[in-house]
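Report on the following structure.
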Amino acid sequence: MVRLTPILRYSDYFHMPKRYVERVKFNGTVIEGNMNVIPNKTIKYNDPWIYTHDPPWTDLAQRRNDPRQGQRRPQLVEPLKTWDFFRGDIVEIMVGKDKGKQGNVTAFIRELNAVFVAGLNLVEIMVGKDKGKQGNVTAFIRELNAVFVAGLNLEVQRISGGVIAASTIAVKEKPLIAPYQIKLIDPYDGKPCTIEWRYTAEGELVRVSTRSGRIIPKAPTWEETFDYAKKKTYKPGPGDTIDDELKRVTFQPKLITVAEELMKANGIVETRKRGPVYIY
Amino acid sequence: MNLLKIIHCTINPQKYSFIPVRICLGYMRQIRLQTTDIPPKENSSDDVSTKVKPTKQSNLMEFFDTTENLYESKIIHGRWWYIDELRLKSNEDLHKLWYVLLKERNRLLTMEEEYRHQHELFPSPERIDKVEESMRNILSVVRERDMAYNLLETGKTGEQTPQIRETSFGLLRYYKPKERIVPFYKNRYYQLLWGKRKAEAWTSIFKRRYNEFQEHQEHQETNRIRKIVANVIQKYPHLRNEEGRVMEDYKQRYDFEHYSIPKRLARRPKLRAHQTVWN
């Protein structure tokens, strides 16, 4: 899990334990520091977390949520009943410059109802020391949102992990808000449609378009995360257990408590009588 | 053999984190396992430093991560043990697994401190939470098994249900009975806390004002959330009919915690220390 480069999105991390995410969101008290001239003031911090495009454990998100920044406006996000968009789905954009174009979902942020589509709905950002100069684009790396311009901004920045980011104009995907600005495509029509979640005959919850009644399947990349592309193709590390070991049943139910069974197994013999116990 | 009365006491994992290895009971050997798809995270401490000469069975280098991926930004590890998988395992396996996880947790925490000392970023800090999750799951499985035993032998689970008790301030508090050696009339600390709990006349004024204060707080919180919800509905006007759902969602986001003890429970009879409510 990379903490410095905020390139990958939340949806790549949905297998993270929720406790970790909650732990990372700062919620507590901050003691103001002033070199001990005046008695320190403790700032109690109770405002909810403001979600940014970066995951909450990154530095940028933490800075945005710094308690010393004063009162913050609440984030107004519509609470949706169901979330319909997964990674790899083909989707059509209904709003903006790229209206009518179809693309793949690369990432999504559920807390903001935001969906990022590959290469569409872009925004240009001026970054770097040669800001304001014009030049010809020689190359670009879409995954890094980096654009190389001929002869300008020749410094190369290295962030830990070996990522090179050298650009004057950075191209960034703008997120689209889920139920309105984006629509899933009916696979048999090729046109945008609204969705319901229904149960199949086998009992599986599945997306069904209301217009044609056809099932929209999940793309094979839907369970892709930062660690693995598919659960079955995960290549485990040295400390993990085998699937067979996991599923092997060693439990034999006996009429004995856990503690007594462990005592038997370790040869601990208790000859003392247990005294009276009071419960109150 | 005397049947031990099993009462569930919450094992505080904080307390357990510093038990040295030689005390742990069933810990004969490590569970060294090989690898395959999406497996749970487990520890295999194989890299023992040869510089430190261990005395008896102890080896301090097991607290540290002596593998070579110290400067990486991410370390590959699996997921935590689910409860369903732990239910398949016998008690001895769970016992061993507990200590494996404990050692791993200690190791991760020491490495976190080390990285902080060296002013570097600790790679993959969510490992600690995964280990802790597995440990919590083990505890819940053990608790289930003890409860099942108790239900079969006696008709009751061995656990104590929390009671609502009136304190000497006239306030109602949740109280969890515990297992103790000394009877209640001899327990000094208990007598100071719960001994003379007769709520006298002055408490009615205090209670009234405290209730006012609580209601005021609750009102302020709901108002605050109501304003935000009004803004949300202004922004998304189709939510006008679903205001209740939106309120619930925002209450969750803003950690709305005010709950009140229902009136029917507030009028329960006063209990003595040794009396339990439900059995």
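Labeling convention for the structure tokens: chains A, B, ... as they appear, residues from 1 per chain, ligands from 1 in order of appearance.
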
Exercise. Compute the chain A side of the contact with chain B at 8 Å, counting only C-alpha atoms, and hand it back as JSON, numbers by chain.
Key: {"A": [1, 2, 3, 16, 17, 19, 20, 47, 48, 74, 76, 77, 78, 79, 160, 161, 227, 231, 232, 233, 234, 235, 236, 237, 238, 239, 240, 241, 242, 243, 246, 247, 248, 249, 250, 251, 252, 255, 256, 257, 258, 261, 262, 265, 266, 273, 274, 276, 277, 278, 279, 280]}

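Taking CA of Asn113 (chain A) as the reference point, CA of His238 (chain B) is found at 16.3 Å.
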
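CA of Val117 (chain A) to CA of Met94 (chain A) spans 12.2 Å [interatomic distance, one decimal].
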
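Picture a line from CA of Glu112 (chain B) to CA of Thr66 (chain B); it runs 13.7 Å.
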
Self-check item: Contacts of Leu171 (chain B) within 7 Å, only C-alpha atoms, excl. fewer than 4 positions in-chain, as a VMD selection string
Solution: chain B and resid 166 to 167 207
